[in-house]
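Undergrad: Let me give you the structure first, and then I'll get to my questions.
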There are 2 protein chains.
Amino acid sequence: MPKTNMKDTIKNVSIDLFYKKGYFASSINDIARAAGIQKSSIYYHYSNKEDILFDILKTAMIDLDSKLESRLAGIKKTEERMRTAIYCHTLFHMRRQKEVLISDSELRGLTVDNYKIIIEMRDKYDRKFQSILKKGMDEGVFAENNYKILSNAIITMCTAVSIWFNPHGQLSKEKIAQIYADFNLKAIKV
Amino acid sequence: MPKTNMKDTIKNVSIDLFYKKGYFASSINDIARAAGIQKSSIYYHYSNKEDILFDILKTAMIDLDSKLESRLAGIKKTEERMRTAIYCHTLFHMRRQKEVLISDSELRGLTVDNYKIIIEMRDKYDRKFQSILKKGMDEGVFAENNYKILSNAIITMCTAVSIWFNPHGQLSKEKIAQIYADFNLKAIKV
DNA sequence: GTCTATAGATGGATAGAC
DNA sequence: GTCTATCCATCTATAGAC
């Protein structure tokens with residue numbers, strides 16, 4: 001059985017709270033109560049409230065990017081790379097629903113330096129989609145179009161699955177990711 | 001020239017503040033300062049802070065729905081109705097960027113009763129998209145698929161244009177709405 | 001309709017004991 | 001590593017004068 005780590009506990013209850021009530025509406029006191037400790041004890045593990053948020057956002061971004069990289073490894077065909085990227089992105093946004101929703105609505109809770117770090121990671125990730133899409137257009141497998149606009153459109157659609165996805169619904173995460181991949185591939189192909 | 005109405009001023013500066021800093025991070029004091037009055041004067045126009053948020057969200061939802069209705073009026077062909085709905089929804093989410101972004105991230109600021117009212121309006125609006133999409137599938141002009149999933153996918157994609165759209169970018173709002181309509185129509189057609 | 005003044009609660013964060 | 005106690009800033013909202 002895994003060692004109970006208080007820092008992880010704080011992080012996990014914070015994910016729940018930020019997801020349910022939002023970052024600003026969740027107090028240090030709320031977090032402490034959920035973690036079963038006094039609020040001052042939080043500061044032994046994290047230097048301040050923003051630090052918890054930053055930890056959550058950074059971890060989510062790192063995991064998202066590494067999932068993409070490992071899924072894409074070895075795939076050569078551009079069409080298949082695009083399909084895989086969309087499938088992977090959509091699946092992640094259902095599996096890690098709470099964290100990605102926090103990522104998308106609580107960025108304003110970060111001070112400038114931390115904000116820049118997350119935005120840079122996100123831009124780098126986005127450019128991977130853009131480059132696959134552009135390559136497909138150059139190769140003639142995808143219809144010529146504004147690749148930045150389409151890339152934004154596709155990524156935001158697949159990101160937003162986290163907003164409406166219901167874990168207790170009828171369709172599996174994998175089936176929904178499949179529908180999303182098919183939908184977008186059909187739209188971009190020549 | 002239009003009469004300067006303090007209630008409207010409060011509403012407008014609140015839209016700016018909620019958009020920039022978020023609802024919980026914006027204080028009554030911030031709003032008062034931006035409106036050029038003392039914070040106690042806010043309470044002459046609105047009974048509390050949530051009332052301002054609710055006013056913003058309700059107005060946005062009413063306007064969104066009435067835009068759709070007037071655009072759809074007289075259009076018979078299902079494919080054209082779908083195209084118009086997508087175009088209209090996307091355009092609105094660029095024209096009213098701030099308000100719709102608040103709508104999508106600050107719903108948690110509402111108490112239960114107000115929350116229910118907004119969600120009900122939103123569901124009713126969503127069902128209009130679902131019904132057009134389903135009709136197209138029944139008629140055989142759209143490919144058979146899970147119409148609820150696809151409807152969610154399309155609506156959230158077009159809603160999310162508000163996240164990345166840059167008013168100072170090269171493409172016009174109308175051009176982007178056109179790209180979005182074309183993209184989605186291509187994806188759903190048989 | 002806007003002001004000054006303030007109540008009353010809660011926020012993030014720190015000091016220092018154990 | 002967690003506790004009690006507390007500081008001080010800020011928050012929403014109200015009372016009552018003008």
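Labeling convention for the structure tokens: chains A, B, ... as they appear, residues from 1 per chain, ligands from 1 in order of appearance.
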Can you pull out the residues contacting Ile52 (chain A)? Cut-off 9 Å, using only C-alpha atoms (C1' of nucleotides), and skip same-chain residues under 6 positions away; I want them as a VMD selection string.

TA: chain A and resid 10 to 11 14 46

Undergrad: Give me, as a PyMOL selection string, the contact residues of chain B against chain C at a cut-off of 12 Å, counting only C-alpha atoms (C1' of nucleotides).

TA: chain B and resi 5-7+25+32+36-45

Undergrad: With the cut-off set at 10 Å and counting only C-alpha atoms, tabulate each residue of chain A with an atom at most that distance from an atom of chain B, showing the nearest atom pair and its distance in Å to one decimal, ordered by chain and increasing number, as CSV.

TA:
```
residue,atom,partner,partner_atom,distance
A:Lys20,CA,B:Arg108,CA,8.2
A:Lys21,CA,B:Arg108,CA,6.5
A:Gly22,CA,B:Arg108,CA,7.5
A:Tyr23,CA,B:Phe24,CA,8.9
A:Phe24,CA,B:Phe24,CA,5.9
A:Ala25,CA,B:Phe24,CA,6.6
A:Leu101,CA,B:Ser105,CA,9.8
A:Asp104,CA,B:Ser105,CA,8.8
A:Ser105,CA,B:Ser105,CA,6.1
A:Glu106,CA,B:Gly22,CA,8.9
A:Arg108,CA,B:Lys21,CA,6.6
A:Gly109,CA,B:Lys21,CA,8.6
A:Asn145,CA,B:Ile179,CA,8.8
A:Asn146,CA,B:Ile179,CA,8.8
A:Ile149,CA,B:Ile176,CA,7.9
A:Leu150,CA,B:Tyr180,CA,8.3
A:Asn152,CA,B:Trp164,CA,7.5
A:Ala153,CA,B:Met157,CA,6.1
A:Ile154,CA,B:Met157,CA,7.3
A:Ile155,CA,B:Met157,CA,8.5
A:Thr156,CA,B:Met157,CA,5.9
A:Met157,CA,B:Met157,CA,4.2
A:Cys158,CA,B:Ala153,CA,7.7
A:Thr159,CA,B:Met157,CA,8.9
A:Ala160,CA,B:Thr156,CA,6.1
A:Val161,CA,B:Ala153,CA,7.2
A:Ile163,CA,B:Thr156,CA,8.6
A:Trp164,CA,B:Asn152,CA,7.5
A:Phe165,CA,B:Ile149,CA,9.3
A:Leu171,CA,B:Ile149,CA,9.6
A:Ile176,CA,B:Ile149,CA,7.9
A:Ile179,CA,B:Leu150,CA,8.3
A:Tyr180,CA,B:Ala153,CA,7.8
A:Asp182,CA,B:Ala187,CA,8.6
A:Phe183,CA,B:Ala187,CA,5.6
A:Asn184,CA,B:Ala187,CA,6.7
A:Leu185,CA,B:Ala187,CA,8.1
A:Lys186,CA,B:Ala187,CA,5.4
A:Ala187,CA,B:Ala187,CA,4.5
A:Ile188,CA,B:Phe183,CA,7.5
A:Lys189,CA,B:Ala187,CA,9.6
```

Undergrad: Between CA of Gln97 (chain A) and CA of Ser162 (chain A), what is the spacing in Å?

TA: 5.3 Å

Undergrad: Up to 8 Å from chain A, what residues of chain D turn up? Count only C-alpha atoms (C1' of nucleotides) and give them as a list in words.

TA: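 In the required form, that comes to DG1, DT2 and DC3 of chain D.
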
Undergrad: Mind writing the picked residues with N, CA and C atoms (P, O5', C5', C4', C3', O3' and C1' of nucleotides) as an mmCIF file, in the first residue's frame?

TA:
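Final file, part_9.cif:
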```cif
data_model
loop_
_atom_site.group_PDB
_atom_site.id
_atom_site.type_symbol
_atom_site.label_atom_id
_atom_site.label_comp_id
_atom_site.auth_asym_id
_atom_site.auth_seq_id
_atom_site.Cartn_x
_atom_site.Cartn_y
_atom_site.Cartn_z
ATOM 1 P P DG D 1 8.546 15.900 7.220
ATOM 2 O "O5'" DG D 1 7.157 16.306 7.918
ATOM 3 C "C5'" DG D 1 6.635 15.297 8.775
ATOM 4 C "C4'" DG D 1 5.687 15.939 9.721
ATOM 5 C "C3'" DG D 1 4.611 16.844 9.081
ATOM 6 O "O3'" DG D 1 3.380 16.345 9.540
ATOM 7 C "C1'" DG D 1 5.565 17.922 10.933
ATOM 8 P P DT D 2 2.017 16.586 8.885
ATOM 9 O "O5'" DT D 2 1.130 17.271 10.017
ATOM 10 C "C5'" DT D 2 1.031 16.626 11.285
ATOM 11 C "C4'" DT D 2 0.852 17.648 12.375
ATOM 12 C "C3'" DT D 2 -0.244 18.704 12.095
ATOM 13 O "O3'" DT D 2 -1.413 18.389 12.848
ATOM 14 C "C1'" DT D 2 1.659 19.595 13.256
ATOM 15 P P DC D 3 -2.615 19.448 12.956
ATOM 16 O "O5'" DC D 3 -2.282 20.312 14.261
ATOM 17 C "C5'" DC D 3 -2.239 19.674 15.533
ATOM 18 C "C4'" DC D 3 -1.748 20.642 16.592
ATOM 19 C "C3'" DC D 3 -2.576 21.922 16.697
ATOM 20 O "O3'" DC D 3 -3.597 21.753 17.676
ATOM 21 C "C1'" DC D 3 -0.219 22.409 16.718
#
```
